[in-house]
$ cat data-v2.pdb   # PDB, C-alpha atoms, pLDDT in the B column
MODEL        1
ATOM      1  CA  MET P 140     -10.564  30.490  -7.133  1.00 75.00           C
ATOM      2  CA  ASN P 141      -7.344  31.180  -9.042  1.00 81.00           C
ATOM      3  CA  ASP P 142      -4.874  34.007  -8.622  1.00 79.00           C
ATOM      4  CA  ALA P 143      -3.567  36.256 -11.404  1.00 81.00           C
ATOM      5  CA  THR P 144      -1.059  33.615 -12.523  1.00 83.00           C
ATOM      6  CA  GLY P 145      -3.692  30.903 -12.785  1.00 78.00           C
ATOM      7  CA  ALA P 146      -2.634  29.047  -9.638  1.00 77.00           C
ATOM      8  CA  THR P 147      -5.500  27.725  -7.519  1.00 77.00           C
ATOM      9  CA  ILE P 148      -5.585  29.411  -4.127  1.00 71.00           C
ATOM     10  CA  ALA P 149      -9.011  28.337  -2.822  1.00 73.00           C
ATOM     11  CA  VAL P 150     -11.411  25.485  -3.494  1.00 71.00           C
ATOM     12  CA  ALA P 151     -15.011  25.137  -2.297  1.00 71.00           C
ATOM     13  CA  MET P 152     -16.656  21.730  -2.489  1.00 65.00           C
ATOM     14  CA  GLN P 153     -18.533  19.184  -0.439  1.00 66.00           C
ATOM     15  CA  LEU P 154     -16.280  17.192   1.842  1.00 60.00           C
ATOM     16  CA  PRO P 155     -16.599  13.579   2.958  1.00 61.00           C
ATOM     17  CA  ALA P 156     -17.472  12.787   6.544  1.00 58.00           C
ATOM     18  CA  GLY P 157     -14.597  13.384   8.914  1.00 56.00           C
ATOM     19  CA  ARG P 158     -13.126  16.304   6.988  1.00 56.00           C
ATOM     20  CA  GLU P 159     -15.463  19.083   8.095  1.00 58.00           C
ATOM     21  CA  ARG P 160     -13.200  22.012   8.782  1.00 60.00           C
ATOM     22  CA  PRO P 161     -13.386  25.703   7.937  1.00 67.00           C
ATOM     23  CA  CYS P 162      -9.761  26.040   6.875  1.00 76.00           C
ATOM     24  CA  GLU P 163      -6.578  24.000   6.567  1.00 81.00           C
ATOM     25  CA  VAL P 164      -3.153  25.418   5.740  1.00 85.00           C
ATOM     26  CA  VAL P 165      -0.905  23.094   3.726  1.00 86.00           C
ATOM     27  CA  THR P 166       2.631  24.286   3.053  1.00 89.00           C
ATOM     28  CA  PRO P 167       5.150  23.069   0.496  1.00 86.00           C
ATOM     29  CA  PRO P 168       8.331  21.549   1.951  1.00 87.00           C
ATOM     30  CA  ILE P 169      10.148  24.174   4.031  1.00 87.00           C
ATOM     31  CA  THR P 170      13.928  23.761   4.252  1.00 86.00           C
ATOM     32  CA  GLU P 171      14.924  27.111   5.775  1.00 89.00           C
ATOM     33  CA  GLY P 172      13.347  30.214   7.262  1.00 92.00           C
ATOM     34  CA  HIS P 173      10.614  28.159   8.901  1.00 92.00           C
ATOM     35  CA  TRP P 174       9.550  30.916  11.259  1.00 93.00           C
ATOM     36  CA  ARG P 175       9.233  33.525   8.494  1.00 93.00           C
ATOM     37  CA  HIS P 176       7.418  31.249   6.052  1.00 93.00           C
ATOM     38  CA  LEU P 177       4.892  30.109   8.636  1.00 93.00           C
ATOM     39  CA  ASP P 178       4.249  33.593   9.940  1.00 93.00           C
ATOM     40  CA  ASP P 179       3.655  34.842   6.386  1.00 93.00           C
ATOM     41  CA  LEU P 180       0.801  32.331   6.237  1.00 91.00           C
ATOM     42  CA  LEU P 181      -0.548  32.639   9.763  1.00 93.00           C
ATOM     43  CA  ALA P 182      -0.376  36.420  10.288  1.00 94.00           C
ATOM     44  CA  PRO P 183      -3.219  37.128   7.808  1.00 92.00           C
ATOM     45  CA  ALA P 184      -5.336  34.444   9.476  1.00 90.00           C
ATOM     46  CA  ARG P 185      -4.834  36.082  12.867  1.00 92.00           C
ATOM     47  CA  GLU P 186      -5.660  39.496  11.418  1.00 94.00           C
ATOM     48  CA  LEU P 187      -8.883  38.111   9.945  1.00 91.00           C
ATOM     49  CA  GLY P 188      -9.950  36.772  13.337  1.00 91.00           C
ATOM     50  CA  PHE P 189      -9.368  33.069  12.711  1.00 90.00           C
ATOM     51  CA  THR P 190      -9.302  30.853  15.788  1.00 90.00           C
ATOM     52  CA  VAL P 191      -7.876  27.410  16.561  1.00 91.00           C
ATOM     53  CA  PRO P 192     -10.620  24.731  16.494  1.00 88.00           C
ATOM     54  CA  ALA P 193     -11.132  22.604  19.589  1.00 88.00           C
ATOM     55  CA  GLU P 194      -9.898  19.462  17.825  1.00 89.00           C
ATOM     56  CA  ALA P 195      -7.084  21.116  15.861  1.00 91.00           C
ATOM     57  CA  ALA P 196      -3.617  19.679  15.268  1.00 94.00           C
ATOM     58  CA  VAL P 197      -0.489  20.493  13.312  1.00 95.00           C
ATOM     59  CA  HIS P 198       0.700  17.618  11.140  1.00 96.00           C
ATOM     60  CA  LEU P 199       4.409  17.486  10.381  1.00 96.00           C
ATOM     61  CA  HIS P 200       5.550  15.553   7.291  1.00 95.00           C
ATOM     62  CA  LEU P 201       9.151  14.418   6.920  1.00 95.00           C
ATOM     63  CA  ASP P 202      10.812  12.696   3.976  1.00 94.00           C
ATOM     64  CA  GLY P 203      10.139   9.001   4.335  1.00 95.00           C
ATOM     65  CA  ALA P 204      13.002   7.567   2.272  1.00 95.00           C
ATOM     66  CA  ALA P 205      15.551   7.536   5.101  1.00 96.00           C
ATOM     67  CA  PHE P 206      13.190   5.544   7.330  1.00 97.00           C
ATOM     68  CA  ARG P 207      12.785   2.626   4.934  1.00 96.00           C
ATOM     69  CA  ARG P 208      15.398   0.609   6.782  1.00 96.00           C
ATOM     70  CA  THR P 209      14.758  -1.979   9.435  1.00 97.00           C
ATOM     71  CA  ALA P 210      16.706  -0.168  12.175  1.00 97.00           C
ATOM     72  CA  ALA P 211      15.271   3.290  11.439  1.00 97.00           C
ATOM     73  CA  PHE P 212      11.695   2.034  11.198  1.00 98.00           C
ATOM     74  CA  ALA P 213      12.091   0.071  14.419  1.00 98.00           C
ATOM     75  CA  ASN P 214      13.316   3.208  16.187  1.00 98.00           C
ATOM     76  CA  LEU P 215      10.325   5.192  14.915  1.00 97.00           C
ATOM     77  CA  VAL P 216       8.036   2.583  16.392  1.00 98.00           C
ATOM     78  CA  ARG P 217       9.947   2.567  19.689  1.00 98.00           C
ATOM     79  CA  LEU P 218       9.886   6.370  19.902  1.00 98.00           C
ATOM     80  CA  PHE P 219       6.159   6.807  19.319  1.00 98.00           C
ATOM     81  CA  GLY P 220       5.235   3.590  21.070  1.00 97.00           C
ATOM     82  CA  HIS P 221       7.270   3.606  24.282  1.00 97.00           C
ATOM     83  CA  TRP P 222       7.631   7.387  24.626  1.00 98.00           C
ATOM     84  CA  ARG P 223       4.004   8.277  23.972  1.00 97.00           C
ATOM     85  CA  GLU P 224       3.263   9.915  27.334  1.00 97.00           C
ATOM     86  CA  PRO P 225       6.457  12.041  27.452  1.00 97.00           C
ATOM     87  CA  LEU P 226       5.871  13.124  23.838  1.00 98.00           C
ATOM     88  CA  TRP P 227       2.295  14.202  24.534  1.00 98.00           C
ATOM     89  CA  GLU P 228       3.395  16.103  27.637  1.00 97.00           C
ATOM     90  CA  ALA P 229       6.391  17.797  26.021  1.00 97.00           C
ATOM     91  CA  LEU P 230       4.555  18.787  22.845  1.00 97.00           C
ATOM     92  CA  GLY P 231       1.294  19.770  24.529  1.00 97.00           C
ATOM     93  CA  THR P 232      -0.721  17.400  22.349  1.00 98.00           C
ATOM     94  CA  ASN P 233      -4.365  18.373  22.078  1.00 96.00           C
ATOM     95  CA  GLY P 234      -6.322  15.743  24.010  1.00 94.00           C
ATOM     96  CA  ALA P 235      -9.482  16.732  22.148  1.00 93.00           C
ATOM     97  CA  CYS P 236      -8.110  15.313  18.877  1.00 91.00           C
ATOM     98  CA  ARG P 237     -10.158  12.268  17.916  1.00 86.00           C
ATOM     99  CA  ARG P 238      -7.919  10.965  15.147  1.00 90.00           C
ATOM    100  CA  LEU P 239      -4.972   9.956  17.343  1.00 96.00           C
ATOM    101  CA  ALA P 240      -4.174   6.532  18.745  1.00 96.00           C
ATOM    102  CA  PRO P 241      -1.212   4.556  20.080  1.00 97.00           C
ATOM    103  CA  LEU P 242       0.646   2.301  17.685  1.00 97.00           C
ATOM    104  CA  PRO P 243      -0.538  -1.322  17.779  1.00 97.00           C
ATOM    105  CA  ALA P 244       1.121  -3.440  20.444  1.00 97.00           C
ATOM    106  CA  GLU P 245       1.707  -6.089  17.771  1.00 97.00           C
ATOM    107  CA  LEU P 246       3.839  -3.593  15.823  1.00 98.00           C
ATOM    108  CA  LEU P 247       5.979  -2.887  18.893  1.00 97.00           C
ATOM    109  CA  ARG P 248       6.574  -6.610  19.259  1.00 97.00           C
ATOM    110  CA  LEU P 249       7.281  -7.017  15.546  1.00 97.00           C
ATOM    111  CA  VAL P 250      10.170  -4.538  15.440  1.00 97.00           C
ATOM    112  CA  GLU P 251      11.946  -6.429  18.229  1.00 97.00           C
ATOM    113  CA  ARG P 252      12.196  -9.583  16.138  1.00 96.00           C
ATOM    114  CA  ASP P 253      15.757 -10.294  15.010  1.00 93.00           C
ATOM    115  CA  GLY P 254      16.891 -10.831  11.466  1.00 94.00           C
ATOM    116  CA  LEU P 255      14.011  -9.240   9.545  1.00 96.00           C
ATOM    117  CA  SER P 256      14.920  -7.605   6.255  1.00 96.00           C
ATOM    118  CA  TRP P 257      13.222  -4.343   5.334  1.00 96.00           C
ATOM    119  CA  ALA P 258      11.012  -6.157   2.810  1.00 95.00           C
ATOM    120  CA  GLU P 259       9.969  -8.717   5.426  1.00 96.00           C
ATOM    121  CA  LEU P 260       9.333  -6.046   8.037  1.00 96.00           C
ATOM    122  CA  GLY P 261       7.257  -3.924   5.672  1.00 95.00           C
ATOM    123  CA  THR P 262       5.125  -6.867   4.621  1.00 95.00           C
ATOM    124  CA  ALA P 263       4.532  -7.921   8.221  1.00 96.00           C
ATOM    125  CA  ALA P 264       3.684  -4.348   9.255  1.00 96.00           C
ATOM    126  CA  ARG P 265       1.096  -4.070   6.486  1.00 94.00           C
ATOM    127  CA  GLY P 266      -0.462  -7.282   7.730  1.00 94.00           C
ATOM    128  CA  ILE P 267      -1.033  -5.701  11.142  1.00 95.00           C
ATOM    129  CA  GLY P 268      -3.409  -3.207   9.566  1.00 88.00           C
ATOM    130  CA  LEU P 269      -1.746   0.149  10.188  1.00 93.00           C
ATOM    131  CA  THR P 270      -3.911   3.248   9.936  1.00 93.00           C
ATOM    132  CA  LYS P 271      -3.054   6.902   9.374  1.00 94.00           C
ATOM    133  CA  TYR P 272      -5.192   7.815  12.397  1.00 95.00           C
ATOM    134  CA  ALA P 273      -2.427   7.258  14.924  1.00 97.00           C
ATOM    135  CA  ASP P 274       0.088   9.490  16.692  1.00 98.00           C
ATOM    136  CA  VAL P 275       2.406   8.900  13.744  1.00 98.00           C
ATOM    137  CA  ASN P 276       1.255   7.801  10.312  1.00 97.00           C
ATOM    138  CA  LEU P 277       3.581   5.036   9.116  1.00 97.00           C
ATOM    139  CA  THR P 278       1.322   3.693   6.381  1.00 96.00           C
ATOM    140  CA  GLN P 279       3.205   5.320   3.518  1.00 96.00           C
ATOM    141  CA  LEU P 280       6.532   3.874   4.673  1.00 96.00           C
ATOM    142  CA  VAL P 281       5.317   0.307   4.262  1.00 95.00           C
ATOM    143  CA  ALA P 282       3.051   0.867   1.241  1.00 94.00           C
ATOM    144  CA  PRO P 283       4.289  -0.850  -1.952  1.00 90.00           C
ATOM    145  CA  GLN P 284       3.437   2.308  -3.916  1.00 90.00           C
ATOM    146  CA  PRO P 285       3.194   5.239  -1.480  1.00 89.00           C
ATOM    147  CA  VAL P 286       0.968   8.147  -2.392  1.00 89.00           C
ATOM    148  CA  ARG P 287       3.075  10.521  -0.286  1.00 86.00           C
ATOM    149  CA  ASP P 288       6.631   9.535   0.506  1.00 90.00           C
ATOM    150  CA  THR P 289       6.496  10.869   4.063  1.00 95.00           C
ATOM    151  CA  VAL P 290       6.293  10.069   7.734  1.00 97.00           C
ATOM    152  CA  GLU P 291       3.429  12.099   9.206  1.00 97.00           C
ATOM    153  CA  VAL P 292       3.686  13.153  12.844  1.00 98.00           C
ATOM    154  CA  ARG P 293       0.183  14.079  14.024  1.00 97.00           C
ATOM    155  CA  ILE P 294       0.567  15.021  17.708  1.00 98.00           C
ATOM    156  CA  LEU P 295       1.531  18.686  17.532  1.00 97.00           C
ATOM    157  CA  PRO P 296      -1.269  20.930  18.839  1.00 97.00           C
ATOM    158  CA  GLY P 297      -3.105  23.366  16.583  1.00 94.00           C
ATOM    159  CA  ALA P 298      -1.683  26.876  16.557  1.00 94.00           C
ATOM    160  CA  LEU P 299      -1.993  30.286  14.932  1.00 93.00           C
ATOM    161  CA  ASP P 300       1.489  31.535  15.742  1.00 94.00           C
ATOM    162  CA  ALA P 301       4.784  30.310  14.322  1.00 95.00           C
ATOM    163  CA  SER P 302       6.314  30.582  17.793  1.00 95.00           C
ATOM    164  CA  ASP P 303       3.980  27.798  18.909  1.00 95.00           C
ATOM    165  CA  VAL P 304       4.835  25.572  15.954  1.00 96.00           C
ATOM    166  CA  VAL P 305       8.546  25.913  15.198  1.00 96.00           C
ATOM    167  CA  PRO P 306      10.047  24.902  18.597  1.00 96.00           C
ATOM    168  CA  ARG P 307       7.819  21.825  18.786  1.00 97.00           C
ATOM    169  CA  ALA P 308       8.624  20.872  15.200  1.00 96.00           C
ATOM    170  CA  ALA P 309      12.336  21.339  15.912  1.00 95.00           C
ATOM    171  CA  LEU P 310      12.150  18.912  18.849  1.00 97.00           C
ATOM    172  CA  VAL P 311      10.361  16.350  16.682  1.00 97.00           C
ATOM    173  CA  GLU P 312      12.980  16.758  13.951  1.00 95.00           C
ATOM    174  CA  ARG P 313      15.790  16.122  16.437  1.00 96.00           C
ATOM    175  CA  LEU P 314      14.073  12.985  17.683  1.00 97.00           C
ATOM    176  CA  MET P 315      13.454  11.763  14.152  1.00 97.00           C
ATOM    177  CA  ARG P 316      17.136  12.230  13.349  1.00 96.00           C
ATOM    178  CA  ARG P 317      17.940  10.124  16.406  1.00 97.00           C
ATOM    179  CA  CYS P 318      15.770   7.386  14.924  1.00 97.00           C
ATOM    180  CA  LEU P 319      18.148   7.208  11.955  1.00 96.00           C
ATOM    181  CA  ASP P 320      20.945   6.038  14.249  1.00 95.00           C
ATOM    182  CA  ASP P 321      21.005   2.253  14.310  1.00 94.00           C
ATOM    183  CA  ALA P 322      21.363   2.142  18.106  1.00 95.00           C
ATOM    184  CA  PRO P 323      17.955   1.053  19.452  1.00 96.00           C
ATOM    185  CA  ILE P 324      15.960   3.760  21.200  1.00 97.00           C
ATOM    186  CA  PRO P 325      15.579   2.722  24.860  1.00 96.00           C
ATOM    187  CA  ARG P 326      12.421   2.816  26.903  1.00 95.00           C
ATOM    188  CA  PRO P 327      11.935   5.933  29.044  1.00 94.00           C
ATOM    189  CA  ASP P 328      13.006   5.751  32.667  1.00 91.00           C
ATOM    190  CA  GLY P 329      11.240   7.273  35.650  1.00 85.00           C
ATOM    191  CA  GLY P 330      12.734  10.701  35.041  1.00 84.00           C
ATOM    192  CA  ALA P 331      10.773  11.148  31.818  1.00 88.00           C
ATOM    193  CA  ALA P 332       7.550  11.555  33.778  1.00 87.00           C
ATOM    194  CA  HIS P 333       9.014  14.423  35.834  1.00 91.00           C
ATOM    195  CA  ASP P 334      10.870  16.205  33.031  1.00 95.00           C
ATOM    196  CA  PRO P 335       9.607  14.970  29.641  1.00 95.00           C
ATOM    197  CA  VAL P 336      11.245  17.773  27.657  1.00 95.00           C
ATOM    198  CA  GLY P 337      14.617  17.179  29.291  1.00 95.00           C
ATOM    199  CA  ALA P 338      14.337  13.422  28.819  1.00 95.00           C
ATOM    200  CA  LEU P 339      13.476  13.807  25.143  1.00 96.00           C
ATOM    201  CA  LEU P 340      16.295  16.270  24.548  1.00 95.00           C
ATOM    202  CA  GLU P 341      18.707  13.846  26.195  1.00 95.00           C
ATOM    203  CA  LEU P 342      17.372  11.028  24.026  1.00 95.00           C
ATOM    204  CA  ALA P 343      17.799  13.137  20.889  1.00 94.00           C
ATOM    205  CA  SER P 344      21.405  13.902  21.785  1.00 91.00           C
ATOM    206  CA  ARG P 345      22.426  10.245  22.053  1.00 78.00           C
ATOM    207  CA  GLY P 346      24.007   8.579  19.084  1.00 57.00           C
ATOM    208  CA  ALA P 347      25.396  10.122  15.923  1.00 46.00           C
ATOM    209  CA  ALA P 348      22.702  11.935  13.941  1.00 43.00           C
ATOM    210  CA  ARG P 349      22.894  11.267  10.228  1.00 44.00           C
TER     211      ARG P 349
ENDMDL
END
$ encode --input "data-v2.pdb" --output "structure tokens"
Amino acid sequence: MNDATGATIAVAMQLPAGRERPCEVVTPPITEGHWRHLDDLLAPARELGFTVPAEAAVHLHLDGAAFRRTAAFANLVRLFGHWREPLWEALGTNGACRRLAPLPAELLRLVERDGLSWAELGTAARGIGLTKYADVNLTQLVAPQPVRDTVEVRILPGALDASDVVPRAALVERLMRRCLDDAPIPRPDGGAAHDPVGALLELASRGAAR
């Protein structure tokens, strides 16, 4: 279905296995007015009686170019590898999602090796067999010819209200900016289990954000 300008606004077709869903909202890059833009999309869905599926998630894509450095990539892996439990707790990740998984232990070991160039690290990471069906999709960062030049964070819960999306996305953005600092992200201490939001906010505040 096209609108009056000829732009496609709806497509109906058979879907491959694993993509059975009644509706998916995909936005263009949003650089400002996040709350307003999202609510413009979600308000009509609420008015029409849409509901959040049991296995729903919000996927957040961020520009991947800045993370194609050894230090930044290593920090991404440390964040989503070592901080998995605090992240799930703080973001309210939907445990019913079936297409989430921890990053491979081999990848966590790989980023701690000294002296690897970005080219060497990317090649080694591809050899591990990364998949998009993880808490964070790093496949496009290490692909020789990426289809989408993004990092995809997949652990935000499904939502029909911008107020449920924007604060969580803002926390993720702060943490991703922390990953751009070359100082290695530390492992969580015992306090992260008691106050995951506070621990993550403290982590995000360390170092100079780029």
$ residues_around --input "data-v2.pdb" --residues "P:Asn276" --least-positions-apart "2" --cutoff "7 Å" --atoms "only C-alpha atoms" --output "list in words"
Thr270, Lys271, Tyr272, Ala273, Asp274, Thr278, Val290, Glu291 and Val292 of chain P
$ resolve_selection --input "data-v2.pdb" --expression "the PyMOL selection byres ((chain P and resi 340) around 12)" --output "mmCIF file with C-alpha atoms, keeping the file's coordinate frame"
data_model
loop_
_atom_site.group_PDB
_atom_site.id
_atom_site.type_symbol
_atom_site.label_atom_id
_atom_site.label_comp_id
_atom_site.auth_asym_id
_atom_site.auth_seq_id
_atom_site.Cartn_x
_atom_site.Cartn_y
_atom_site.Cartn_z
ATOM 1 C CA PRO P 225 6.457 12.041 27.452
ATOM 2 C CA LEU P 226 5.871 13.124 23.838
ATOM 3 C CA ALA P 229 6.391 17.797 26.021
ATOM 4 C CA ARG P 307 7.819 21.825 18.786
ATOM 5 C CA ALA P 309 12.336 21.339 15.912
ATOM 6 C CA LEU P 310 12.150 18.912 18.849
ATOM 7 C CA VAL P 311 10.361 16.350 16.682
ATOM 8 C CA GLU P 312 12.980 16.758 13.951
ATOM 9 C CA ARG P 313 15.790 16.122 16.437
ATOM 10 C CA LEU P 314 14.073 12.985 17.683
ATOM 11 C CA MET P 315 13.454 11.763 14.152
ATOM 12 C CA ARG P 316 17.136 12.230 13.349
ATOM 13 C CA ARG P 317 17.940 10.124 16.406
ATOM 14 C CA ALA P 331 10.773 11.148 31.818
ATOM 15 C CA ASP P 334 10.870 16.205 33.031
ATOM 16 C CA PRO P 335 9.607 14.970 29.641
ATOM 17 C CA VAL P 336 11.245 17.773 27.657
ATOM 18 C CA GLY P 337 14.617 17.179 29.291
ATOM 19 C CA ALA P 338 14.337 13.422 28.819
ATOM 20 C CA LEU P 339 13.476 13.807 25.143
ATOM 21 C CA GLU P 341 18.707 13.846 26.195
ATOM 22 C CA LEU P 342 17.372 11.028 24.026
ATOM 23 C CA ALA P 343 17.799 13.137 20.889
ATOM 24 C CA SER P 344 21.405 13.902 21.785
ATOM 25 C CA ARG P 345 22.426 10.245 22.053
#
$ atom_distance --input "data-v2.pdb" --atom1 "atom CA of P:Leu181" --atom2 "atom CA of P:Val150"
18.6 Å
$ closest_residue --input "data-v2.pdb" --among "P:Thr147, P:Asn141, P:Thr170, P:Thr209" --to "P:Thr262" --atoms "all atoms listed in the file"
P:Thr209
$ resolve_selection --input "data-v2.pdb" --expression "the PyMOL selection byres ((chain P and resi 199) around 8)" --output "PyMOL selection string"
chain P and resi 197-198+200-201+291-293+295+308
